[in-house]
$ cat coords36.csv   # CSV, C-alpha atoms
chain,number,residue,atom,x,y,z
X,1266,MET,CA,5.6,-26.9,0.3
X,1267,ALA,CA,2.4,-25.4,-0.8
X,1268,ASP,CA,3.0,-25.3,-4.5
X,1269,ALA,CA,-0.5,-24.5,-5.8
X,1270,ARG,CA,-3.5,-22.4,-4.9
X,1271,VAL,CA,-7.0,-23.6,-5.8
X,1272,ASN,CA,-10.2,-21.6,-5.8
X,1273,VAL,CA,-13.7,-23.2,-6.1
X,1274,PRO,CA,-17.0,-21.9,-5.0
X,1275,ALA,CA,-18.1,-22.8,-1.4
X,1276,GLU,CA,-21.3,-24.3,-2.7
X,1277,CYS,CA,-22.4,-25.4,-6.2
X,1278,ARG,CA,-25.9,-25.9,-7.6
X,1279,ARG,CA,-26.5,-29.4,-9.1
X,1280,GLY,CA,-26.4,-29.5,-12.8
X,1281,GLU,CA,-24.9,-26.0,-13.2
X,1282,PRO,CA,-21.3,-25.2,-14.2
X,1283,PHE,CA,-18.9,-23.8,-11.6
X,1284,GLU,CA,-15.6,-22.0,-12.0
X,1285,VAL,CA,-12.3,-23.6,-11.0
X,1286,ARG,CA,-9.2,-21.6,-10.8
X,1287,ILE,CA,-5.7,-23.0,-10.0
X,1288,SER,CA,-2.3,-21.3,-9.9
X,1289,ILE,CA,0.8,-23.5,-9.8
X,1290,ARG,CA,4.3,-22.5,-8.7
X,1291,HIS,CA,6.5,-23.7,-11.5
X,1292,ALA,CA,9.4,-22.0,-13.3
X,1293,MET,CA,8.3,-23.4,-16.7
X,1294,GLU,CA,11.9,-23.3,-17.9
X,1295,THR,CA,11.9,-23.1,-21.6
X,1296,GLY,CA,15.2,-24.7,-22.4
X,1297,TYR,CA,16.2,-21.6,-24.5
X,1298,ARG,CA,17.7,-19.6,-21.6
X,1299,THR,CA,21.3,-19.6,-20.5
X,1300,ASP,CA,22.7,-19.0,-17.0
X,1301,ALA,CA,25.3,-16.5,-15.9
X,1302,ILE,CA,28.2,-18.4,-17.5
X,1303,GLY,CA,26.4,-19.2,-20.7
X,1304,LYS,CA,25.4,-22.7,-20.0
X,1305,THR,CA,22.0,-23.7,-21.3
X,1306,ILE,CA,19.4,-24.2,-18.6
X,1307,PRO,CA,17.6,-27.5,-19.4
X,1308,ARG,CA,14.0,-27.4,-20.3
X,1309,ASN,CA,11.6,-28.1,-17.5
X,1310,VAL,CA,8.0,-27.4,-18.1
X,1311,ILE,CA,4.8,-29.0,-16.8
X,1312,GLN,CA,4.0,-31.7,-19.4
X,1313,ARG,CA,0.5,-32.6,-18.5
X,1314,PHE,CA,-2.1,-31.3,-16.1
X,1315,THR,CA,-5.3,-33.2,-15.3
X,1316,CYS,CA,-8.3,-32.6,-13.1
X,1317,ARG,CA,-10.5,-35.4,-11.9
X,1318,TYR,CA,-13.9,-34.9,-10.4
X,1319,ASN,CA,-14.7,-37.9,-8.1
X,1320,ALA,CA,-12.1,-39.9,-10.0
X,1321,VAL,CA,-13.6,-39.0,-13.4
X,1322,PRO,CA,-11.2,-36.9,-15.7
X,1323,VAL,CA,-13.0,-33.7,-16.5
X,1324,PHE,CA,-10.2,-31.4,-17.7
X,1325,ALA,CA,-6.7,-32.0,-19.1
X,1326,VAL,CA,-4.0,-29.8,-20.6
X,1327,ARG,CA,-0.8,-30.6,-22.4
X,1328,MET,CA,1.6,-27.7,-21.7
X,1329,SER,CA,4.5,-26.4,-23.7
X,1330,PRO,CA,7.4,-24.0,-23.2
X,1331,GLY,CA,5.2,-21.2,-24.6
X,1332,ILE,CA,3.3,-21.0,-21.3
X,1333,ALA,CA,4.6,-18.5,-18.7
X,1334,ALA,CA,6.0,-19.4,-15.3
X,1335,ASN,CA,3.5,-20.1,-12.6
X,1336,PRO,CA,0.7,-21.1,-14.9
X,1337,TYR,CA,-2.8,-19.9,-14.0
X,1338,LEU,CA,-5.7,-22.0,-15.3
X,1339,ARG,CA,-9.4,-21.2,-15.2
X,1340,PHE,CA,-12.1,-23.6,-16.4
X,1341,PHE,CA,-15.6,-24.7,-15.7
X,1342,VAL,CA,-16.9,-28.1,-14.4
X,1343,THR,CA,-20.6,-29.1,-14.1
X,1344,ALA,CA,-21.6,-29.9,-10.6
X,1345,LEU,CA,-23.1,-33.4,-10.2
X,1346,GLU,CA,-22.6,-34.4,-6.7
X,1347,SER,CA,-20.5,-33.5,-3.6
X,1348,GLY,CA,-17.0,-34.8,-3.6
X,1349,SER,CA,-13.6,-33.6,-4.5
X,1350,LEU,CA,-11.6,-32.3,-7.4
X,1351,GLU,CA,-8.2,-33.9,-7.7
X,1352,PHE,CA,-5.5,-32.0,-9.6
X,1353,GLU,CA,-2.3,-33.7,-10.8
X,1354,TRP,CA,0.6,-32.5,-12.9
X,1355,VAL,CA,4.0,-33.8,-13.9
X,1356,ASP,CA,7.0,-31.9,-15.3
X,1357,ASP,CA,9.9,-32.8,-17.6
X,1358,ASP,CA,12.0,-33.8,-14.5
X,1359,GLY,CA,9.2,-36.2,-13.5
X,1360,VAL,CA,8.3,-34.2,-10.5
X,1361,ARG,CA,4.7,-34.8,-9.7
X,1362,GLY,CA,2.4,-32.2,-8.0
X,1363,THR,CA,-1.0,-32.6,-6.6
X,1364,ALA,CA,-3.7,-30.5,-5.1
X,1365,GLN,CA,-7.3,-31.0,-4.2
X,1366,ALA,CA,-10.5,-29.1,-3.4
X,1367,ALA,CA,-13.7,-30.2,-1.8
X,1368,ILE,CA,-16.9,-29.7,-3.7
X,1369,LYS,CA,-20.2,-29.2,-2.0
X,1370,VAL,CA,-23.3,-29.6,-4.2
X,1371,VAL,CA,-26.7,-28.3,-3.0
F,1205,MET,CA,27.9,26.7,12.3
F,1206,LEU,CA,25.1,28.7,10.9
F,1207,ALA,CA,24.5,26.4,8.0
F,1208,VAL,CA,20.9,25.3,7.5
F,1209,ALA,CA,20.4,22.0,9.3
F,1210,PRO,CA,16.8,21.0,8.6
F,1211,THR,CA,15.2,18.5,11.0
F,1212,ALA,CA,14.2,15.1,9.8
F,1213,LEU,CA,10.6,16.0,9.1
F,1214,THR,CA,11.3,19.2,7.2
F,1215,GLN,CA,13.7,17.8,4.6
F,1216,PRO,CA,13.0,19.4,1.2
F,1217,ARG,CA,11.3,16.9,-1.0
F,1218,ALA,CA,11.7,16.8,-4.8
F,1219,LEU,CA,8.3,15.3,-5.0
F,1220,PRO,CA,5.8,16.9,-2.7
F,1221,LEU,CA,3.8,14.4,-0.6
F,1222,ASP,CA,0.5,15.2,-2.4
F,1223,SER,CA,2.0,14.5,-5.8
F,1224,LEU,CA,3.2,10.9,-5.0
F,1225,ARG,CA,1.8,8.2,-7.3
F,1226,SER,CA,2.2,4.5,-6.8
F,1227,GLY,CA,3.8,2.6,-9.7
F,1228,ILE,CA,0.6,0.7,-10.2
F,1229,THR,CA,-1.1,3.9,-11.5
F,1230,PHE,CA,1.4,3.9,-14.5
F,1231,SER,CA,0.5,0.3,-15.3
F,1232,GLY,CA,-2.1,-0.9,-17.9
F,1233,ALA,CA,-5.5,-2.2,-17.0
F,1234,ASP,CA,-4.5,-5.8,-17.2
F,1235,ILE,CA,-1.7,-5.4,-14.7
F,1236,ARG,CA,-3.9,-3.5,-12.4
F,1237,ALA,CA,-6.6,-6.2,-12.6
F,1238,MET,CA,-4.0,-8.9,-11.9
F,1239,GLN,CA,-2.8,-7.1,-8.7
F,1240,ALA,CA,-6.3,-6.3,-7.5
F,1241,ASP,CA,-7.4,-10.0,-7.6
F,1242,ASP,CA,-5.7,-11.9,-4.8
F,1243,PHE,CA,-6.1,-15.1,-6.7
F,1244,ALA,CA,-4.8,-14.0,-10.1
F,1245,ASN,CA,-1.9,-12.2,-8.4
F,1246,PRO,CA,0.9,-14.8,-8.5
F,1247,GLY,CA,2.6,-13.1,-5.5
F,1248,PHE,CA,0.2,-14.9,-3.3
F,1249,LEU,CA,1.9,-18.2,-4.1
F,1250,TRP,CA,4.8,-16.8,-2.0
F,1251,VAL,CA,2.5,-15.4,0.6
F,1252,ASP,CA,1.1,-18.9,1.1
F,1253,ARG,CA,4.6,-20.3,1.3
F,1254,GLY,CA,5.5,-17.6,3.9
F,1255,GLU,CA,2.5,-18.3,6.0
F,1256,LYS,CA,3.4,-22.0,6.2
F,1257,LEU,CA,7.0,-21.1,7.2
F,1258,TRP,CA,5.7,-18.7,9.8
F,1259,ARG,CA,3.5,-21.4,11.3
F,1260,ASP,CA,5.6,-24.6,11.1
F,1261,ALA,CA,8.5,-25.0,13.4
F,1262,PRO,CA,11.7,-26.2,11.7
F,1263,ALA,CA,13.1,-29.4,13.3
F,1264,GLY,CA,14.8,-28.5,16.6
F,1265,SER,CA,13.7,-24.9,16.6
F,1266,GLN,CA,10.8,-22.6,17.2
F,1267,SER,CA,8.5,-21.2,14.6
F,1268,CYS,CA,8.0,-17.5,14.0
F,1269,ALA,CA,4.5,-18.0,15.5
F,1270,THR,CA,5.9,-19.3,18.8
F,1271,CYS,CA,7.1,-15.8,19.7
F,1272,HIS,CA,5.1,-13.5,17.3
F,1273,GLY,CA,1.8,-15.3,17.4
F,1274,ASP,CA,-0.9,-14.4,14.9
F,1275,ALA,CA,0.8,-12.5,12.1
F,1276,PRO,CA,-2.3,-10.5,11.0
F,1277,LYS,CA,-2.2,-8.9,14.5
F,1278,SER,CA,1.5,-8.9,15.5
F,1279,MET,CA,2.9,-7.9,12.0
F,1280,ARG,CA,0.3,-5.4,11.2
F,1281,GLY,CA,2.0,-2.1,10.2
F,1282,VAL,CA,5.5,-3.5,10.5
F,1283,ALA,CA,6.4,-3.1,6.9
F,1284,THR,CA,5.4,0.6,6.9
F,1285,ARG,CA,8.3,1.2,9.3
F,1286,TYR,CA,11.1,-0.7,7.4
F,1287,PRO,CA,14.0,-0.3,6.7
F,1288,ALA,CA,14.6,0.7,10.3
F,1289,TYR,CA,17.5,1.2,12.7
F,1290,GLN,CA,18.3,-1.9,14.8
F,1291,ASP,CA,20.1,-1.2,18.1
F,1292,SER,CA,21.4,-4.7,18.4
F,1293,ALA,CA,23.2,-4.5,15.0
F,1294,ALA,CA,24.0,-0.8,15.2
F,1295,GLY,CA,22.8,-0.5,11.7
F,1296,VAL,CA,19.7,-0.3,9.4
F,1297,PHE,CA,17.9,-3.4,8.5
F,1298,ASP,CA,15.4,-4.0,5.8
F,1299,LEU,CA,12.6,-6.5,6.3
F,1300,GLU,CA,14.7,-9.3,4.8
F,1301,ALA,CA,17.7,-8.6,7.1
F,1302,ARG,CA,15.4,-8.3,10.1
F,1303,ILE,CA,13.8,-11.7,9.4
F,1304,ASN,CA,17.3,-13.3,8.9
F,1305,ASP,CA,18.5,-11.7,12.1
F,1306,CYS,CA,15.6,-13.4,13.9
F,1307,ARG,CA,16.4,-16.7,12.3
F,1308,VAL,CA,20.1,-16.6,13.3
F,1309,ARG,CA,19.8,-15.1,16.8
F,1310,ARG,CA,16.4,-16.5,18.0
F,1311,GLN,CA,15.8,-19.6,16.0
F,1312,ASN,CA,19.4,-20.7,15.7
F,1313,LEU,CA,19.0,-21.4,12.0
F,1314,PRO,CA,21.2,-20.4,9.1
F,1315,ALA,CA,20.2,-17.2,7.4
F,1316,LEU,CA,18.1,-17.6,4.3
F,1317,ALA,CA,19.7,-16.5,1.0
F,1318,ARG,CA,18.5,-13.3,-0.5
F,1319,GLU,CA,16.0,-13.9,-3.3
F,1320,SER,CA,15.4,-17.5,-2.2
F,1321,ASP,CA,11.8,-18.5,-2.3
F,1322,ASP,CA,11.7,-19.0,1.4
F,1323,LEU,CA,13.0,-15.5,2.3
F,1324,LEU,CA,10.8,-13.9,-0.3
F,1325,GLY,CA,7.9,-15.9,1.0
F,1326,LEU,CA,8.4,-14.8,4.7
F,1327,THR,CA,9.1,-11.2,3.7
F,1328,THR,CA,6.0,-11.0,1.5
F,1329,PHE,CA,3.9,-12.7,4.1
F,1330,VAL,CA,5.0,-10.2,6.7
F,1331,ALA,CA,4.7,-7.2,4.3
F,1332,THR,CA,1.2,-8.1,3.2
F,1333,GLN,CA,0.0,-7.7,6.8
F,1334,SER,CA,0.4,-4.0,6.2
F,1335,ARG,CA,-1.3,-3.9,2.9
F,1336,GLY,CA,-3.1,-0.5,2.4
F,1337,MET,CA,-1.4,1.1,5.4
F,1338,PRO,CA,0.7,4.3,4.7
F,1339,MET,CA,4.5,4.2,4.7
F,1340,GLN,CA,5.9,6.0,7.7
F,1341,GLY,CA,9.6,5.2,7.9
F,1342,SER,CA,11.5,7.1,10.6
F,1343,ILE,CA,14.8,8.8,9.7
F,1344,ALA,CA,15.2,10.4,13.1
F,1345,GLY,CA,18.1,9.5,15.4
F,1346,PRO,CA,20.7,6.9,14.3
F,1347,ALA,CA,18.9,6.1,11.0
F,1348,ARG,CA,19.7,9.6,9.8
F,1349,ALA,CA,23.2,8.8,8.6
F,1350,SER,CA,21.9,5.9,6.5
F,1351,TRP,CA,19.2,8.1,5.1
F,1352,GLU,CA,21.8,10.7,4.1
F,1353,ARG,CA,23.9,8.0,2.3
F,1354,GLY,CA,20.8,6.8,0.6
F,1355,ARG,CA,19.9,10.3,-0.6
F,1356,ASP,CA,23.5,10.8,-1.8
F,1357,PHE,CA,23.3,7.6,-3.8
F,1358,TYR,CA,20.0,8.6,-5.2
F,1359,TYR,CA,21.3,11.9,-6.5
F,1360,ALA,CA,24.7,10.7,-7.6
F,1361,ARG,CA,25.3,9.9,-11.2
F,1362,HIS,CA,26.1,6.3,-11.9
F,1363,GLY,CA,27.6,4.1,-14.7
F,1364,GLN,CA,28.3,4.5,-18.3
F,1365,MET,CA,25.1,6.4,-18.9
F,1366,ASN,CA,26.0,8.8,-16.2
F,1367,LEU,CA,22.5,8.9,-14.8
F,1368,SER,CA,21.2,9.5,-11.3
F,1369,CYS,CA,18.0,8.0,-10.0
F,1370,ALA,CA,16.5,11.5,-9.8
F,1371,GLN,CA,16.9,12.2,-13.5
F,1372,CYS,CA,14.2,9.5,-14.3
F,1373,HIS,CA,12.2,9.3,-11.2
F,1374,ASP,CA,12.0,12.9,-9.9
F,1375,VAL,CA,12.3,14.9,-13.1
F,1376,ASN,CA,11.0,12.8,-16.0
F,1377,TRP,CA,8.4,10.5,-14.4
F,1378,GLY,CA,5.3,10.0,-16.5
F,1379,LYS,CA,7.3,10.2,-19.8
F,1380,ARG,CA,8.1,7.2,-22.0
F,1381,LEU,CA,11.4,5.3,-22.0
F,1382,TYR,CA,10.9,3.0,-25.1
F,1383,THR,CA,7.6,1.2,-24.3
F,1384,GLU,CA,7.7,1.9,-20.6
F,1385,THR,CA,6.3,4.8,-18.7
F,1386,MET,CA,8.8,5.9,-16.1
F,1387,SER,CA,7.3,5.7,-12.6
F,1388,GLN,CA,8.2,7.8,-9.6
F,1389,GLY,CA,10.3,5.0,-8.4
F,1390,HIS,CA,8.5,4.0,-5.2
F,1391,GLY,CA,9.2,0.6,-3.6
F,1392,THR,CA,5.9,0.2,-1.9
F,1393,ALA,CA,4.7,-2.8,-4.0
F,1394,PHE,CA,7.8,-4.9,-3.2
F,1395,PRO,CA,8.4,-7.8,-2.9
F,1396,ALA,CA,6.5,-7.7,-6.1
F,1397,TYR,CA,5.8,-10.2,-8.9
F,1398,LYS,CA,7.5,-8.9,-12.0
F,1399,LEU,CA,6.2,-10.4,-15.2
F,1400,GLU,CA,9.6,-9.7,-16.8
F,1401,TRP,CA,11.3,-11.9,-14.1
F,1402,GLN,CA,8.5,-14.5,-14.1
F,1403,SER,CA,8.9,-14.5,-10.4
F,1404,LEU,CA,8.6,-12.5,-7.2
F,1405,GLY,CA,11.5,-10.3,-6.4
F,1406,SER,CA,12.7,-7.9,-3.7
F,1407,LEU,CA,13.1,-4.2,-3.9
F,1408,GLN,CA,16.9,-4.8,-3.9
F,1409,ARG,CA,16.6,-6.8,-7.0
F,1410,ARG,CA,14.5,-4.1,-8.6
F,1411,ILE,CA,17.1,-1.4,-7.7
F,1412,ARG,CA,19.9,-3.6,-9.1
F,1413,ALA,CA,17.9,-4.0,-12.3
F,1414,CYS,CA,17.8,-0.2,-12.6
F,1415,MET,CA,21.6,-0.1,-12.0
F,1416,TYR,CA,22.0,-2.7,-14.7
F,1417,GLY,CA,19.8,-0.7,-17.0
F,1418,ILE,CA,22.0,2.4,-16.8
F,1419,ARG,CA,25.1,0.2,-17.1
F,1420,ALA,CA,26.4,0.9,-13.6
F,1421,ALA,CA,28.0,-1.5,-11.1
F,1422,MET,CA,25.3,-3.3,-9.1
F,1423,PRO,CA,25.8,-3.2,-5.4
F,1424,GLY,CA,25.5,-6.8,-3.9
F,1425,TYR,CA,22.4,-8.1,-2.2
F,1426,GLY,CA,22.2,-7.1,1.4
F,1427,THR,CA,25.0,-4.5,1.2
F,1428,PRO,CA,24.6,-1.3,3.2
F,1429,GLU,CA,24.5,0.7,0.0
F,1430,LEU,CA,21.3,-1.0,-1.1
F,1431,THR,CA,19.7,-0.8,2.4
F,1432,ASP,CA,20.5,2.9,2.5
F,1433,VAL,CA,18.7,3.5,-0.8
F,1434,GLU,CA,15.8,1.4,0.4
F,1435,LEU,CA,15.5,3.6,3.5
F,1436,TYR,CA,15.7,6.8,1.3
F,1437,LEU,CA,13.0,5.4,-0.9
F,1438,ALA,CA,10.8,4.5,2.0
F,1439,TRP,CA,11.1,8.0,3.4
F,1440,ARG,CA,10.4,9.4,-0.1
F,1441,ALA,CA,7.2,7.3,-0.4
F,1442,GLN,CA,5.9,8.5,2.9
F,1443,GLY,CA,2.1,8.1,3.0
F,1444,LEU,CA,1.8,5.8,0.0
F,1445,PRO,CA,0.0,2.5,0.9
F,1446,VAL,CA,1.9,-0.7,1.1
F,1447,GLU,CA,0.9,-2.9,-1.8
F,1448,ALA,CA,3.0,-6.1,-1.3
F,1449,PRO,CA,2.8,-8.4,-3.1
F,1450,GLY,CA,2.4,-6.0,-6.1
F,1451,VAL,CA,2.4,-6.9,-9.7
F,1452,ARG,CA,4.5,-5.1,-12.2
F,1453,ARG,CA,5.4,-5.6,-15.8
$ encode --input "coords36.csv" --output "structure tokens"
Amino acid sequence: MADARVNVPAECRRGEPFEVRISIRHAMETGYRTDAIGKTIPRNVIQRFTCRYNAVPVFAVRMSPGIAANPYLRFFVTALESGSLEFEWVDDDGVRGTAQAAIKVV
Amino acid sequence: MLAVAPTALTQPRALPLDSLRSGITFSGADIRAMQADDFANPGFLWVDRGEKLWRDAPAGSQSCATCHGDAPKSMRGVATRYPAYQDSAAGVFDLEARINDCRVRRQNLPALARESDDLLGLTTFVATQSRGMPMQGSIAGPARASWERGRDFYYARHGQMNLSCAQCHDVNWGKRLYTETMSQGHGTAFPAYKLEWQSLGSLQRRIRACMYGIRAAMPGYGTPELTDVELYLAWRAQGLPVEAPGVRR
């Protein structure tokens, strides 16, 4: 299932930063909520999110229950050469998500 | 009988058509910006999900696209006409019920649960094909009885607080209720992403939330009561543009 949306410019200029936006479908369950019968809903948040640009890590976040559901991240990466951005994240349940975007440098 | 029997189109309106305001106009600048940017709007996570469900055939069945083709063409304007009377069911269907009807009768698949990500995804994907188009629900013919029940529900007092929908949304809209500005109560942005819910939700969920707020019994999902209210709200919002997926606080 499509669990993330990624947005990068169609073309980037070499040596210049470009904007990366990613929005991930995730409940970011805090562990402080209870269900209808009062049972605690176990915590399940994305623990770590990383972005690699042609296999080189360029951005990473350690997330916490203070971050809202469906996290939306926006950051800048400097364009060096055409290739791909690989996104990866893992939550408390160990479920891994990935996404990728092609980068065209002119 | 000489009693006044106004026709469908000349029903008296508590809110004249030229005074209608979408709920987004009561929101702050940050919510408006979030809804206006198709990437920042989290509702599009569900639109993408719905698009995939529309296109991909489930094992042993046909996809939505097999019959309906290209959604931007075939589903354009559909959401402006729902809820609508369905001959085959001899009742009024909202968009969710219509999609489930197709799943059960045409695709031979089990109905999707209300408020499941899949049903919300498909509904939002279909609804967003009408984005910007004016609501134009029909209450002529057999839909009329449902509209009348919806209207009666709207004006009836409910729950421990003994409030009707009209007391907030017809008479006191624009005023404050704690930190919230009361809207006119139009459902044109739904399914909408509510920040309070941290999720996308249907108009039925939103109506149930109002019922909860006034300490009234909440009609169950998919019940005729809620569909009737949805139809009344669609008629009441006539001419307002569809915003799905909207963003609300």
$ interface_residues --input "coords36.csv" --of "chain F" --to "chain X" --cutoff "9 Å" --atoms "only C-alpha atoms" --output "PDB file with C-alpha atoms, in the coordinates of the input"
ATOM      1  CA  PHE F1243      -6.100 -15.100  -6.700  1.00  0.00           C
ATOM      2  CA  ALA F1244      -4.800 -14.000 -10.100  1.00  0.00           C
ATOM      3  CA  PRO F1246       0.900 -14.800  -8.500  1.00  0.00           C
ATOM      4  CA  PHE F1248       0.200 -14.900  -3.300  1.00  0.00           C
ATOM      5  CA  LEU F1249       1.900 -18.200  -4.100  1.00  0.00           C
ATOM      6  CA  TRP F1250       4.800 -16.800  -2.000  1.00  0.00           C
ATOM      7  CA  ASP F1252       1.100 -18.900   1.100  1.00  0.00           C
ATOM      8  CA  ARG F1253       4.600 -20.300   1.300  1.00  0.00           C
ATOM      9  CA  LYS F1256       3.400 -22.000   6.200  1.00  0.00           C
ATOM     10  CA  LEU F1399       6.200 -10.400 -15.200  1.00  0.00           C
ATOM     11  CA  GLN F1402       8.500 -14.500 -14.100  1.00  0.00           C
ATOM     12  CA  SER F1403       8.900 -14.500 -10.400  1.00  0.00           C
TER      13      SER F1403
END
$ closest_residue --input "coords36.csv" --among "F:Val1446, F:Ala1413, F:Ala1331, F:Leu1435" --to "Ala1349 (chain F)" --atoms "all atoms listed in the file"
F:Leu1435
$ atom_distance --input "coords36.csv" --atom1 "CA of Phe1340 (chain X)" --atom2 "CA of Ala1364 (chain X)"
15.7 Å
$ atom_distance --input "coords36.csv" --atom1 "CA of Asp1432 (chain F)" --atom2 "CA of Leu1381 (chain F)"
26.2 Å
$ residues_around --input "coords36.csv" --residues "Val1326 (chain X)" --least-positions-apart "5" --cutoff "8 Å" --atoms "all atoms listed in the file" --output "list in words"
Arg1313, Phe1314 and Thr1315 of chain X
$ closest_residue --input "coords36.csv" --among "F:Gly1325, F:Gly1295, F:Pro1445, F:Pro1262" --to "Ser1406 (chain F)" --atoms "only C-alpha atoms"
F:Gly1325
$ atom_distance --input "coords36.csv" --atom1 "CA of Leu1224 (chain F)" --atom2 "CA of Val1282 (chain F)"
21.3 Å
$ closest_residue --input "coords36.csv" --among "F:Asp1298, F:Glu1319, F:Glu1352, F:Asp1374" --to "Arg1225 (chain F)" --atoms "only C-alpha atoms"
F:Asp1374
$ closest_residue --input "coords36.csv" --among "X:Asp1356, X:Glu1284, X:Glu1346, X:Glu1276" --to "Asn1309 (chain X)" --atoms "only C-alpha atoms"
X:Asp1356
$ closest_residue --input "coords36.csv" --among "X:Ile1311, X:Ala1344, X:Val1360, X:Ala1366" --to "Arg1278 (chain X)" --atoms "all atoms listed in the file"
X:Ala1344
$ residues_around --input "coords36.csv" --residues "Ser1267 (chain F)" --least-positions-apart "2" --cutoff "10 Å" --atoms "only C-alpha atoms" --output "list in words"
Lys1256, Leu1257, Trp1258, Arg1259, Asp1260, Ala1261, Pro1262, Ala1263, Gly1264, Ser1265, Ala1269, Thr1270, Cys1271, His1272, Gly1273, Arg1307, Arg1310 and Gln1311 of chain F
